[in-house]
Structures are given as structure tokens and as C-alpha cells.
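What's in final_39.txt: compact mmCIF, C-alpha atoms
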# COMPACT_ATOMS: atom_id res chain seq x y z
CA MET A 1 -35.43 -32.08 -13.03
CA ALA A 2 -34.98 -28.29 -13.13
CA ALA A 3 -31.91 -27.21 -15.10
CA TYR A 4 -29.98 -25.94 -12.08
CA GLU A 5 -31.22 -28.34 -9.40
CA SER A 6 -28.24 -30.69 -9.27
CA ALA A 7 -25.68 -27.85 -9.42
CA ILE A 8 -27.41 -25.91 -6.64
CA ALA A 9 -27.72 -29.06 -4.54
CA ARG A 10 -23.97 -29.71 -4.85
CA ARG A 11 -23.14 -26.12 -4.01
CA PHE A 12 -25.47 -25.66 -1.03
CA GLY A 13 -27.15 -28.94 -0.08
CA ASP A 14 -29.62 -26.86 1.93
CA ASP A 15 -32.92 -28.02 0.42
CA GLY A 16 -33.49 -24.44 -0.68
CA PRO A 17 -34.95 -23.15 -3.94
CA CYS A 18 -33.43 -24.44 -7.17
CA GLY A 19 -35.13 -22.13 -9.66
CA GLY A 20 -37.74 -24.56 -10.88
CA ALA A 21 -38.87 -25.04 -14.45
CA ASP A 22 -39.49 -21.32 -14.91
CA ALA A 23 -35.78 -20.47 -14.40
CA GLY A 24 -34.83 -21.66 -17.89
CA ASP A 25 -31.46 -23.20 -18.68
CA ASN A 26 -28.38 -21.07 -19.23
CA GLU A 27 -24.99 -22.73 -19.67
CA TRP A 28 -23.13 -19.73 -18.22
CA ILE A 29 -25.17 -19.87 -15.00
CA ARG A 30 -24.62 -23.61 -14.71
CA ARG A 31 -20.87 -23.02 -15.07
CA VAL A 32 -20.92 -20.43 -12.29
CA LEU A 33 -22.91 -22.67 -9.97
CA SER A 34 -20.45 -25.52 -10.59
CA ARG A 35 -17.20 -23.56 -10.53
CA LYS A 36 -14.20 -24.94 -8.63
CA THR A 37 -10.91 -23.71 -7.23
CA VAL A 38 -7.97 -25.14 -9.21
CA ARG A 39 -4.45 -25.29 -7.80
CA ARG A 40 -2.80 -27.86 -10.07
CA TYR A 41 -2.17 -26.98 -13.70
CA SER A 42 -0.87 -28.67 -16.82
CA ASP A 43 2.23 -27.32 -18.54
CA ARG A 44 0.14 -25.94 -21.40
CA MET A 45 0.45 -22.17 -21.60
CA PRO A 46 -2.70 -20.23 -22.52
CA ASP A 47 -2.38 -18.30 -25.76
CA GLU A 48 -1.29 -14.69 -25.38
CA GLY A 49 -4.29 -13.59 -27.42
CA LEU A 50 -6.64 -15.28 -24.97
CA LEU A 51 -4.88 -13.67 -22.01
CA ASP A 52 -5.26 -10.27 -23.70
CA VAL A 53 -8.98 -10.92 -24.07
CA LEU A 54 -9.30 -11.97 -20.43
CA VAL A 55 -7.60 -8.78 -19.28
CA ALA A 56 -9.90 -6.71 -21.50
CA ALA A 57 -12.92 -8.56 -20.09
CA ALA A 58 -11.74 -7.97 -16.53
CA LEU A 59 -11.38 -4.26 -17.17
CA SER A 60 -14.89 -4.22 -18.63
CA ALA A 61 -16.33 -4.93 -15.16
CA SER A 62 -18.43 -2.33 -13.38
CA ALA A 63 -16.45 0.53 -11.82
CA LYS A 64 -17.51 2.96 -9.12
CA SER A 65 -18.54 6.30 -10.71
CA ASP A 66 -16.50 5.36 -13.82
CA PHE A 67 -13.35 6.20 -11.83
CA GLN A 68 -11.81 2.91 -13.06
CA GLN A 69 -9.53 2.33 -10.08
CA ALA A 70 -8.40 -1.22 -10.83
CA SER A 71 -5.05 -2.12 -12.35
CA ILE A 72 -3.83 -5.57 -13.38
CA LEU A 73 -0.20 -6.60 -13.16
CA ARG A 74 0.91 -9.81 -14.84
CA VAL A 75 4.07 -11.25 -13.30
CA VAL A 76 6.11 -12.87 -16.09
CA ASP A 77 9.70 -12.44 -14.86
CA ARG A 78 10.88 -15.73 -13.34
CA GLY A 79 12.83 -14.03 -10.59
CA LYS A 80 9.82 -12.00 -9.48
CA ARG A 81 7.54 -15.02 -9.57
CA ASP A 82 9.97 -17.02 -7.45
CA ALA A 83 10.45 -14.15 -5.02
CA ILE A 84 6.70 -13.90 -4.40
CA GLY A 85 6.35 -17.68 -4.27
CA LYS A 86 9.04 -17.96 -1.58
CA LEU A 87 6.98 -15.69 0.66
CA PHE A 88 4.25 -18.34 0.73
CA PRO A 89 5.94 -21.77 0.67
CA THR A 90 2.69 -23.65 1.36
CA MET A 91 1.24 -22.34 -1.91
CA PRO A 92 3.50 -23.64 -4.70
CA TRP A 93 0.89 -22.76 -7.33
CA ILE A 94 1.91 -19.10 -7.00
CA ALA A 95 5.28 -19.82 -8.61
CA ASN A 96 4.27 -22.87 -10.63
CA ALA A 97 1.06 -21.81 -12.37
CA PRO A 98 1.49 -21.00 -16.07
CA VAL A 99 0.12 -17.48 -15.48
CA PHE A 100 0.07 -15.25 -12.40
CA PHE A 101 -1.73 -11.93 -12.14
CA VAL A 102 -1.88 -9.46 -9.27
CA PHE A 103 -5.02 -7.32 -9.08
CA LEU A 104 -4.30 -3.88 -7.70
CA GLY A 105 -6.43 -1.27 -6.04
CA ASP A 106 -5.19 1.87 -7.80
CA ALA A 107 -6.11 5.05 -5.93
CA ARG A 108 -3.00 6.73 -7.39
CA ARG A 109 -4.28 7.19 -10.94
CA LEU A 110 -7.29 9.33 -9.97
CA GLN A 111 -5.15 11.51 -7.70
CA ARG A 112 -2.62 12.00 -10.52
CA ILE A 113 -5.42 12.92 -12.92
CA GLY A 114 -6.54 15.55 -10.43
CA GLU A 115 -2.99 16.96 -10.42
CA MET A 116 -2.92 16.90 -14.23
CA ARG A 117 -6.18 18.87 -14.36
CA GLY A 118 -5.29 21.23 -11.54
CA LYS A 119 -7.96 19.90 -9.20
CA PRO A 120 -7.34 19.06 -5.50
CA VAL A 121 -7.97 15.29 -5.32
CA ASN A 122 -7.06 13.52 -2.08
CA ASN A 123 -7.68 9.86 -2.83
CA GLY A 124 -5.96 8.41 0.22
CA THR A 125 -9.25 8.49 2.14
CA LEU A 126 -11.32 5.54 3.31
CA GLU A 127 -13.63 6.18 0.36
CA GLY A 128 -10.72 6.10 -2.07
CA PHE A 129 -9.38 2.86 -0.59
CA PHE A 130 -12.78 1.21 -0.56
CA ASN A 131 -13.66 2.19 -4.12
CA ALA A 132 -10.31 1.01 -5.50
CA SER A 133 -10.59 -2.28 -3.58
CA VAL A 134 -14.07 -3.00 -4.91
CA ASP A 135 -13.07 -2.10 -8.47
CA ALA A 136 -10.14 -4.52 -8.30
CA ALA A 137 -12.30 -7.28 -6.82
CA LEU A 138 -14.94 -6.87 -9.52
CA ALA A 139 -12.26 -6.99 -12.21
CA MET A 140 -10.74 -10.15 -10.74
CA GLN A 141 -14.06 -11.95 -10.44
CA THR A 142 -14.92 -11.03 -14.02
CA MET A 143 -11.63 -12.52 -15.21
CA ILE A 144 -12.25 -15.65 -13.14
CA LEU A 145 -15.63 -16.31 -14.74
CA CYS A 146 -14.41 -15.57 -18.25
CA ALA A 147 -11.30 -17.74 -17.80
CA GLU A 148 -13.39 -20.64 -16.56
CA ALA A 149 -15.72 -20.27 -19.53
CA GLU A 150 -12.64 -20.89 -21.71
CA GLY A 151 -11.74 -24.09 -19.86
CA LEU A 152 -9.09 -22.54 -17.60
CA GLY A 153 -8.81 -23.03 -13.87
CA VAL A 154 -7.96 -20.36 -11.31
CA CYS A 155 -7.06 -19.84 -7.68
CA PRO A 156 -7.44 -16.38 -6.08
CA ILE A 157 -4.70 -15.63 -3.54
CA SER A 158 -5.63 -12.99 -0.98
CA VAL A 159 -2.79 -14.01 1.34
CA ILE A 160 -0.40 -11.80 -0.63
CA ARG A 161 -1.72 -8.91 1.47
CA ASN A 162 -0.08 -10.52 4.51
CA GLU A 163 3.28 -9.66 2.95
CA ALA A 164 2.24 -6.42 1.30
CA ASP A 165 5.58 -4.68 1.88
CA SER A 166 7.58 -7.48 0.28
CA VAL A 167 5.15 -7.99 -2.61
CA ALA A 168 5.07 -4.26 -3.29
CA GLU A 169 8.87 -4.12 -3.32
CA VAL A 170 9.11 -7.00 -5.80
CA LEU A 171 6.50 -5.41 -8.06
CA GLY A 172 7.63 -1.80 -7.67
CA LEU A 173 4.26 -0.53 -6.44
CA PRO A 174 4.13 3.22 -5.76
CA ASP A 175 2.13 4.99 -3.06
CA LEU A 176 -1.67 4.63 -3.27
CA VAL A 177 -1.38 1.37 -5.24
CA PHE A 178 -1.86 -1.83 -3.26
CA PRO A 179 -2.32 -5.57 -3.90
CA VAL A 180 -5.86 -6.83 -3.45
CA ALA A 181 -5.21 -10.44 -4.49
CA GLY A 182 -3.15 -12.61 -6.77
CA LEU A 183 -4.64 -15.00 -9.31
CA SER A 184 -3.01 -18.22 -10.47
CA LEU A 185 -4.34 -19.34 -13.83
CA GLY A 186 -3.85 -22.24 -16.23
CA TYR A 187 -5.40 -25.35 -17.72
CA PRO A 188 -6.42 -27.74 -14.93
CA GLN A 189 -4.47 -30.88 -14.20
CA GLY A 190 -7.09 -33.08 -12.61
CA ASP A 191 -10.27 -31.98 -10.92
CA GLY A 192 -10.61 -28.84 -8.85
CA PHE A 193 -12.29 -28.30 -5.48
CA LEU A 194 -15.99 -27.41 -5.23
CA SER A 195 -16.61 -25.71 -1.91
CA LEU A 196 -19.93 -26.32 -0.14
CA ARG A 197 -21.40 -22.91 0.70
CA LEU A 198 -23.31 -21.82 3.79
CA PRO A 199 -27.05 -22.51 3.68
CA ARG A 200 -28.87 -19.64 2.08
CA ARG A 201 -31.10 -19.18 5.11
CA ALA A 202 -27.96 -17.82 6.80
CA THR A 203 -26.85 -15.56 3.95
CA VAL A 204 -29.98 -14.42 2.10
CA HIS A 205 -32.41 -11.96 3.68
CA ARG A 206 -35.63 -10.31 2.58
CA ASP A 207 -36.74 -6.81 3.61
CA SER A 208 -34.68 -6.85 6.83
CA TYR A 209 -31.60 -8.57 8.24
CA ASP A 210 -32.37 -11.54 10.45
CA ASP A 211 -29.75 -13.88 11.93
CA THR A 212 -31.83 -15.37 14.74
CA ALA A 213 -31.48 -18.86 13.23
CA LEU A 214 -27.74 -18.54 12.57
CA ALA A 215 -26.57 -21.03 15.20
CA ALA A 216 -28.79 -23.82 13.91
CA ALA A 217 -27.94 -23.07 10.29
CA VAL A 218 -24.19 -23.10 10.94
CA ASP A 219 -24.36 -26.30 12.99
CA ASP A 220 -26.23 -28.01 10.15
CA TYR A 221 -23.69 -26.73 7.67
CA ASP A 222 -20.76 -27.90 9.82
CA ARG A 223 -22.15 -31.44 9.93
CA ARG A 224 -22.90 -31.64 6.21
CA ARG A 225 -19.56 -30.18 5.20
CA ASP A 226 -17.66 -32.48 7.55
CA ALA A 227 -19.38 -35.47 5.95
CA ILE A 228 -18.09 -34.39 2.52
CA HIS A 229 -14.57 -33.22 3.37
CA ALA A 230 -13.63 -33.39 7.03
CA ILE A 231 -10.70 -31.33 8.32
CA PRO A 232 -7.95 -33.70 9.54
CA LYS A 233 -6.89 -33.46 13.18
CA GLU A 234 -3.40 -32.38 12.17
CA GLN A 235 -4.89 -29.33 10.44
CA GLN A 236 -6.67 -27.99 13.51
CA ARG A 237 -5.50 -24.43 14.16
CA VAL A 238 -3.88 -23.06 17.33
CA ASN A 239 -4.40 -26.18 19.44
CA ALA A 240 -1.84 -24.90 21.94
CA GLU A 241 -4.25 -22.10 22.85
CA PHE A 242 -7.68 -23.49 22.05
CA GLY A 243 -7.14 -27.21 22.57
CA GLU A 244 -7.98 -30.11 20.30
CA ALA A 245 -11.66 -30.16 19.34
CA ALA A 246 -13.56 -33.45 19.39
CA PHE A 247 -15.58 -32.17 16.44
CA TYR A 248 -13.76 -29.65 14.30
CA GLY A 249 -16.15 -28.20 11.74
CA TRP A 250 -15.97 -25.22 9.40
CA SER A 251 -17.19 -22.73 12.01
CA GLU A 252 -14.61 -23.83 14.59
CA ASP A 253 -11.87 -23.58 11.99
CA LYS A 254 -12.93 -20.12 10.81
CA ALA A 255 -13.47 -18.82 14.35
CA ARG A 256 -9.93 -19.86 15.26
CA GLN A 257 -8.54 -18.38 12.06
CA ALA A 258 -10.32 -15.05 12.61
CA ALA A 259 -9.30 -14.94 16.28
CA LYS A 260 -5.70 -14.93 15.09
CA ALA A 261 -6.32 -12.35 12.43
CA GLU A 262 -4.12 -12.41 9.36
CA GLY A 263 -2.85 -9.38 7.55
CA ALA A 264 -1.71 -7.37 10.56
CA ALA A 265 0.98 -5.77 8.41
CA PHE A 266 -1.47 -4.55 5.76
CA PRO A 267 -2.92 -1.47 7.55
CA PRO A 268 0.55 -0.11 8.48
CA TYR A 269 1.66 -0.68 4.89
CA LEU A 270 -1.30 1.32 3.56
CA ARG A 271 -0.80 4.15 6.05
CA SER A 272 2.87 4.42 5.11
CA HIS A 273 2.02 4.51 1.41
CA GLY A 274 -0.41 7.38 1.13
CA PHE A 275 -3.62 6.33 2.86
CA SER A 276 -4.95 8.32 5.80
CA PHE A 277 -8.44 6.72 5.80
CA ASP A 278 -9.99 10.07 6.77
Represent the supplied structure as C-alpha cells.
Amino acid sequence: MAAYESAIARRFGDDGPCGGADAGDNEWIRRVLSRKTVRRYSDRMPDEGLLDVLVAAALSASAKSDFQQASILRVVDRGKRDAIGKLFPTMPWIANAPVFFVFLGDARRLQRIGEMRGKPVNNGTLEGFFNASVDAALAMQTMILCAEAEGLGVCPISVIRNEADSVAEVLGLPDLVFPVAGLSLGYPQGDGFLSLRLPRRATVHRDSYDDTALAAAVDDYDRRRDAIHAIPKEQQRVNAEFGEAAFYGWSEDKARQAAKAEGAAFPPYLRSHGFSFD
């Protein structure tokens, strides 16, 4: 069996390529292919030295034009942790995880450097927002992979953007600095959750974009995912508007979720804190 075959089969189950014998065998890649979301943690606190290394690794991620527009805020104060946790009562791991980081898009620093050097930098543009967001996302993903390599488990928390005003107030965020996502981190208590991904024929393209087979690919995915971890009837979204579905797969769930878009407060927050998106 090829080194990655079983891990790729668990992740995709799409009968697609698995690398074959020529792909070699790299433990890091196998870890990435098998990674899980972890929301339950033991009481063991990671060593401060390890956390310092993880932060350094995160900030070693690629950065657009070397502008380095990511910042990392670790929330240690119990009152602040509880205040953020209370905003999202269905996610107790925000307050209960041994460690909680917030990854920030930081368009402020570059604008301040322009002021320091007497250069007119307006970083509240769409480009400034986009670059800072990507830098923060790259930093967070780098920390995730490094933390998991050390036996830690993590759960990214993008929902904090839904309460950007409140989160920013708790954390004292100035204009042009915004939360991209939180990250709960600790040693796992029990097994995590491995999410089946969309078949690669729906997400991987060659030479040109082609989604003509999307409907069939998504239907196949819905059926296979439902067989592994079906969504209970009580978790169907917005039944009052859309009705109860006889078959409620991933695509129905995500279509309903996107139709009632989250994060409506995030754009007004950004516009009132220095972003024009010009």
C-alpha cells in the first residue's frame, strides 16, 4: 500500500489519486492528511517555552511583500476569556481550553510605519484588508500544523468575527486591527473529529476552471458523508423557512447556512474602524 493511501482515503473517500509508490513517505505529510479538529482538552497546560516556539513558527509563515501584517494576541486574563466565551455559549472550548489565541489582521502597523517615515500610506483599502487577512490566516495555519506536530489539538474559531465589536472592546483593538479567528489549543482529551472533504474532482482543476460535474460530485459527497456522520433532524437549520428535509446532507446544510449569512456586523465594524475598501 502507498504510504498515504489510507490517510487520503479517510480524508476524501473519492477514489482519487493517492500518490502511489513514487510519492515517498513523509511523517509530516501523513500528519497533515490525518489532522483533526479538537474541542475537548485535558487540564495539562502546554509549557510556556513551547508556546513561545509556536508563536515564532506562526510568524515565520509567508507574508505578502514582507509587509508582515499579522499579529497574534494570547488571551490569558480570566475575565477576558470569560467575556469572549459568554458571547458564544455553544462553544465552551473558547473559555475552557488551556490556551486561547486571537489572530489579527494588522493593517495599522504598516500605516504607522509610513507615518514614522514621513510617507503617505493609506492601508485602509481593500488591498490592505485583504493582505492583512491572508497574512493572519497563513500565520494561524502554520501554528496549527506545528502545534499538532507536538501532540496538541486545536480548534479555529472564525465565529468571533460575528461579534467583532464586542471582541475588539474586550481586547482593546485599535483602528485598522481586526480579529480574523480565534484558536483554542491544548492537549486532546479523547479523539478529535476528522472531516471528510469534498471530492477532489470538485475542487482541483487543471489548466482551466470546470465545474460542469459539480452537481454529481456534491450529491456523491453528501451521501458518503451522511453515511459516516449524519446530521440529526434536530440540527437542521431554519426549518421554519425552508422546511424539514427528508434527506439533509452537507450541501443542504451549507446552503441554508450561507442563505442566512453570518457576520453581518463585521463589515460595519471594519468601516467604522479605518477601512474604506477603496
* region 61-72 of chain A environment, 12 Å, all atoms listed in the file, sequence neighbours closer than 3 positions dropped, as a ChimeraX atom specification -> /A:51-52,54-58,75,100-114,123,127-146,171,173,176-183
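Minimum atom-to-atom distances from A:Asn162, A:Leu214, A:Ala21, A:Arg30 to Arg200 (chain A) were compared using all atoms listed in the file, and the lowest value belongs to A:Leu214.
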* Do you know which residues are at most 10 Å from Arg81 (chain A) counting only C-alpha atoms, after dropping those on the same chain fewer than 5 positions away, and could you put them as a PyMOL selection string? -> chain A and resi 74-76+86+94-97+99-100+170-171
* To do: Skip Ile29 (chain A) itself and residues of its chain fewer than 3 positions away, then list as number ranges by chain all residues within 12 Å of it, counting all atoms listed in the file.
  => A: 3-5, 7-8, 19, 23-26, 32-35, 145, 148-149
Save out the residues we just selected, C-alpha atoms, as a PDB file, keeping the file's coordinate frame.
ATOM      1  CA  ALA A   3     -31.910 -27.210 -15.100  1.00  0.00           C
ATOM      2  CA  TYR A   4     -29.980 -25.940 -12.080  1.00  0.00           C
ATOM      3  CA  GLU A   5     -31.220 -28.340  -9.400  1.00  0.00           C
ATOM      4  CA  ALA A   7     -25.680 -27.850  -9.420  1.00  0.00           C
ATOM      5  CA  ILE A   8     -27.410 -25.910  -6.640  1.00  0.00           C
ATOM      6  CA  GLY A  19     -35.130 -22.130  -9.660  1.00  0.00           C
ATOM      7  CA  ALA A  23     -35.780 -20.470 -14.400  1.00  0.00           C
ATOM      8  CA  GLY A  24     -34.830 -21.660 -17.890  1.00  0.00           C
ATOM      9  CA  ASP A  25     -31.460 -23.200 -18.680  1.00  0.00           C
ATOM     10  CA  ASN A  26     -28.380 -21.070 -19.230  1.00  0.00           C
ATOM     11  CA  VAL A  32     -20.920 -20.430 -12.290  1.00  0.00           C
ATOM     12  CA  LEU A  33     -22.910 -22.670  -9.970  1.00  0.00           C
ATOM     13  CA  SER A  34     -20.450 -25.520 -10.590  1.00  0.00           C
ATOM     14  CA  ARG A  35     -17.200 -23.560 -10.530  1.00  0.00           C
ATOM     15  CA  LEU A 145     -15.630 -16.310 -14.740  1.00  0.00           C
ATOM     16  CA  GLU A 148     -13.390 -20.640 -16.560  1.00  0.00           C
ATOM     17  CA  ALA A 149     -15.720 -20.270 -19.530  1.00  0.00           C
TER      18      ALA A 149
END
* Asked: Which residues, written as a ChimeraX atom specification, have at least one atom at most 10 Å from Tyr248 (chain A), with only C-alpha atoms counted and residues fewer than 2 positions away on the same chain left out?
  -> /A:222-223,226,230-233,235-237,244-246,250-253
Keeping only C-alpha atoms, write those residues as a PDB file, in the frame of the given file.
ATOM      1  CA  ASP A 222     -20.760 -27.900   9.820  1.00  0.00           C
ATOM      2  CA  ARG A 223     -22.150 -31.440   9.930  1.00  0.00           C
ATOM      3  CA  ASP A 226     -17.660 -32.480   7.550  1.00  0.00           C
ATOM      4  CA  ALA A 230     -13.630 -33.390   7.030  1.00  0.00           C
ATOM      5  CA  ILE A 231     -10.700 -31.330   8.320  1.00  0.00           C
ATOM      6  CA  PRO A 232      -7.950 -33.700   9.540  1.00  0.00           C
ATOM      7  CA  LYS A 233      -6.890 -33.460  13.180  1.00  0.00           C
ATOM      8  CA  GLN A 235      -4.890 -29.330  10.440  1.00  0.00           C
ATOM      9  CA  GLN A 236      -6.670 -27.990  13.510  1.00  0.00           C
ATOM     10  CA  ARG A 237      -5.500 -24.430  14.160  1.00  0.00           C
ATOM     11  CA  GLU A 244      -7.980 -30.110  20.300  1.00  0.00           C
ATOM     12  CA  ALA A 245     -11.660 -30.160  19.340  1.00  0.00           C
ATOM     13  CA  ALA A 246     -13.560 -33.450  19.390  1.00  0.00           C
ATOM     14  CA  TRP A 250     -15.970 -25.220   9.400  1.00  0.00           C
ATOM     15  CA  SER A 251     -17.190 -22.730  12.010  1.00  0.00           C
ATOM     16  CA  GLU A 252     -14.610 -23.830  14.590  1.00  0.00           C
ATOM     17  CA  ASP A 253     -11.870 -23.580  11.990  1.00  0.00           C
TER      18      ASP A 253
END
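Taking CA of Leu196 (chain A) as the reference point, CA of Ala9 (chain A) is found at 9.4 Å.
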* Could you jot down the CA of Ser42 (chain A) to CA of Trp28 (chain A) separation for me, Å, one decimal place? => 24.0 Å
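Minimum atom-to-atom distances from A:Ala240, A:Ala147, A:Ile160, A:Ala216 to Val53 (chain A) were compared using all atoms listed in the file, and the lowest value belongs to A:Ala147.
With only C-alpha atoms as the atoms that count, the residue of A:Leu73, A:Leu198, A:Ile228, A:Ala83 with the shortest distance to Gly16 (chain A) is A:Leu198.
CA of Pro188 (chain A) to CA of Met91 (chain A) spans 16.0 Å [interatomic distance, one decimal].
Distance check against Gly153 (chain A) using only C-alpha atoms: of A:Arg224, A:Thr125, A:Pro92, A:Thr37, the minimum falls on A:Thr37.
Checking A:Asp220, A:Gly186, A:Gly192, A:Val238 one by one against Leu50 (chain A), counting only C-alpha atoms, you find the shortest gap at A:Gly186.
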Starting from the incomplete input, reconstruct N, CA, C and O atoms of region 23-43 of chain A and write that as an mmCIF file, in the frame of the given file.
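File written: rebuild.cif
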data_model
loop_
_atom_site.group_PDB
_atom_site.id
_atom_site.type_symbol
_atom_site.label_atom_id
_atom_site.label_comp_id
_atom_site.auth_asym_id
_atom_site.auth_seq_id
_atom_site.Cartn_x
_atom_site.Cartn_y
_atom_site.Cartn_z
ATOM 1 N N ALA A 23 -37.091 -21.150 -14.411
ATOM 2 C CA ALA A 23 -35.780 -20.470 -14.400
ATOM 3 C C ALA A 23 -35.048 -20.596 -15.719
ATOM 4 O O ALA A 23 -34.049 -19.905 -15.928
ATOM 5 N N GLY A 24 -35.512 -21.474 -16.613
ATOM 6 C CA GLY A 24 -34.830 -21.660 -17.890
ATOM 7 C C GLY A 24 -33.579 -22.502 -17.724
ATOM 8 O O GLY A 24 -33.401 -23.212 -16.731
ATOM 9 N N ASP A 25 -32.691 -22.407 -18.708
ATOM 10 C CA ASP A 25 -31.460 -23.200 -18.680
ATOM 11 C C ASP A 25 -30.386 -22.419 -19.421
ATOM 12 O O ASP A 25 -30.416 -22.307 -20.640
ATOM 13 N N ASN A 26 -29.442 -21.881 -18.664
ATOM 14 C CA ASN A 26 -28.380 -21.070 -19.230
ATOM 15 C C ASN A 26 -27.039 -21.708 -18.882
ATOM 16 O O ASN A 26 -26.734 -21.919 -17.700
ATOM 17 N N GLU A 27 -26.248 -22.036 -19.899
ATOM 18 C CA GLU A 27 -24.990 -22.730 -19.670
ATOM 19 C C GLU A 27 -24.041 -21.910 -18.797
ATOM 20 O O GLU A 27 -23.326 -22.450 -17.949
ATOM 21 N N TRP A 28 -23.992 -20.597 -19.013
ATOM 22 C CA TRP A 28 -23.130 -19.730 -18.220
ATOM 23 C C TRP A 28 -23.468 -19.825 -16.741
ATOM 24 O O TRP A 28 -22.579 -19.962 -15.896
ATOM 25 N N ILE A 29 -24.761 -19.785 -16.402
ATOM 26 C CA ILE A 29 -25.170 -19.870 -15.000
ATOM 27 C C ILE A 29 -24.803 -21.223 -14.419
ATOM 28 O O ILE A 29 -24.330 -21.322 -13.274
ATOM 29 N N ARG A 30 -24.995 -22.285 -15.206
ATOM 30 C CA ARG A 30 -24.620 -23.610 -14.710
ATOM 31 C C ARG A 30 -23.121 -23.694 -14.449
ATOM 32 O O ARG A 30 -22.678 -24.312 -13.478
ATOM 33 N N ARG A 31 -22.322 -23.051 -15.287
ATOM 34 C CA ARG A 31 -20.870 -23.020 -15.070
ATOM 35 C C ARG A 31 -20.533 -22.307 -13.763
ATOM 36 O O ARG A 31 -19.670 -22.747 -12.997
ATOM 37 N N VAL A 32 -21.197 -21.195 -13.513
ATOM 38 C CA VAL A 32 -20.920 -20.430 -12.290
ATOM 39 C C VAL A 32 -21.309 -21.249 -11.057
ATOM 40 O O VAL A 32 -20.555 -21.308 -10.073
ATOM 41 N N LEU A 33 -22.469 -21.877 -11.108
ATOM 42 C CA LEU A 33 -22.910 -22.670 -9.970
ATOM 43 C C LEU A 33 -21.976 -23.846 -9.691
ATOM 44 O O LEU A 33 -21.852 -24.288 -8.546
ATOM 45 N N SER A 34 -21.292 -24.327 -10.727
ATOM 46 C CA SER A 34 -20.450 -25.520 -10.590
ATOM 47 C C SER A 34 -18.964 -25.205 -10.533
ATOM 48 O O SER A 34 -18.139 -26.119 -10.540
ATOM 49 N N ARG A 35 -18.606 -23.935 -10.441
ATOM 50 C CA ARG A 35 -17.200 -23.560 -10.530
ATOM 51 C C ARG A 35 -16.394 -24.119 -9.355
ATOM 52 O O ARG A 35 -16.913 -24.326 -8.252
ATOM 53 N N LYS A 36 -15.090 -24.353 -9.613
ATOM 54 C CA LYS A 36 -14.200 -24.940 -8.630
ATOM 55 C C LYS A 36 -12.907 -24.142 -8.538
ATOM 56 O O LYS A 36 -12.506 -23.472 -9.488
ATOM 57 N N THR A 37 -12.260 -24.248 -7.394
ATOM 58 C CA THR A 37 -10.910 -23.710 -7.230
ATOM 59 C C THR A 37 -9.916 -24.735 -7.775
ATOM 60 O O THR A 37 -10.009 -25.922 -7.455
ATOM 61 N N VAL A 38 -8.960 -24.258 -8.585
ATOM 62 C CA VAL A 38 -7.970 -25.140 -9.210
ATOM 63 C C VAL A 38 -6.576 -24.686 -8.802
ATOM 64 O O VAL A 38 -6.212 -23.525 -9.001
ATOM 65 N N ARG A 39 -5.802 -25.611 -8.256
ATOM 66 C CA ARG A 39 -4.450 -25.290 -7.800
ATOM 67 C C ARG A 39 -3.372 -26.107 -8.479
ATOM 68 O O ARG A 39 -2.193 -25.918 -8.210
ATOM 69 N N ARG A 40 -3.759 -27.049 -9.328
ATOM 70 C CA ARG A 40 -2.800 -27.860 -10.070
ATOM 71 C C ARG A 40 -3.074 -27.681 -11.557
ATOM 72 O O ARG A 40 -4.221 -27.819 -12.004
ATOM 73 N N TYR A 41 -2.013 -27.358 -12.302
ATOM 74 C CA TYR A 41 -2.170 -26.980 -13.700
ATOM 75 C C TYR A 41 -1.273 -27.830 -14.592
ATOM 76 O O TYR A 41 -0.188 -28.266 -14.184
ATOM 77 N N SER A 42 -1.715 -28.013 -15.828
ATOM 78 C CA SER A 42 -0.870 -28.670 -16.820
ATOM 79 C C SER A 42 0.206 -27.683 -17.279
ATOM 80 O O SER A 42 0.164 -26.492 -16.954
ATOM 81 N N ASP A 43 1.146 -28.174 -18.043
ATOM 82 C CA ASP A 43 2.230 -27.320 -18.540
ATOM 83 C C ASP A 43 1.785 -26.456 -19.723
ATOM 84 O O ASP A 43 2.546 -25.584 -20.158
#
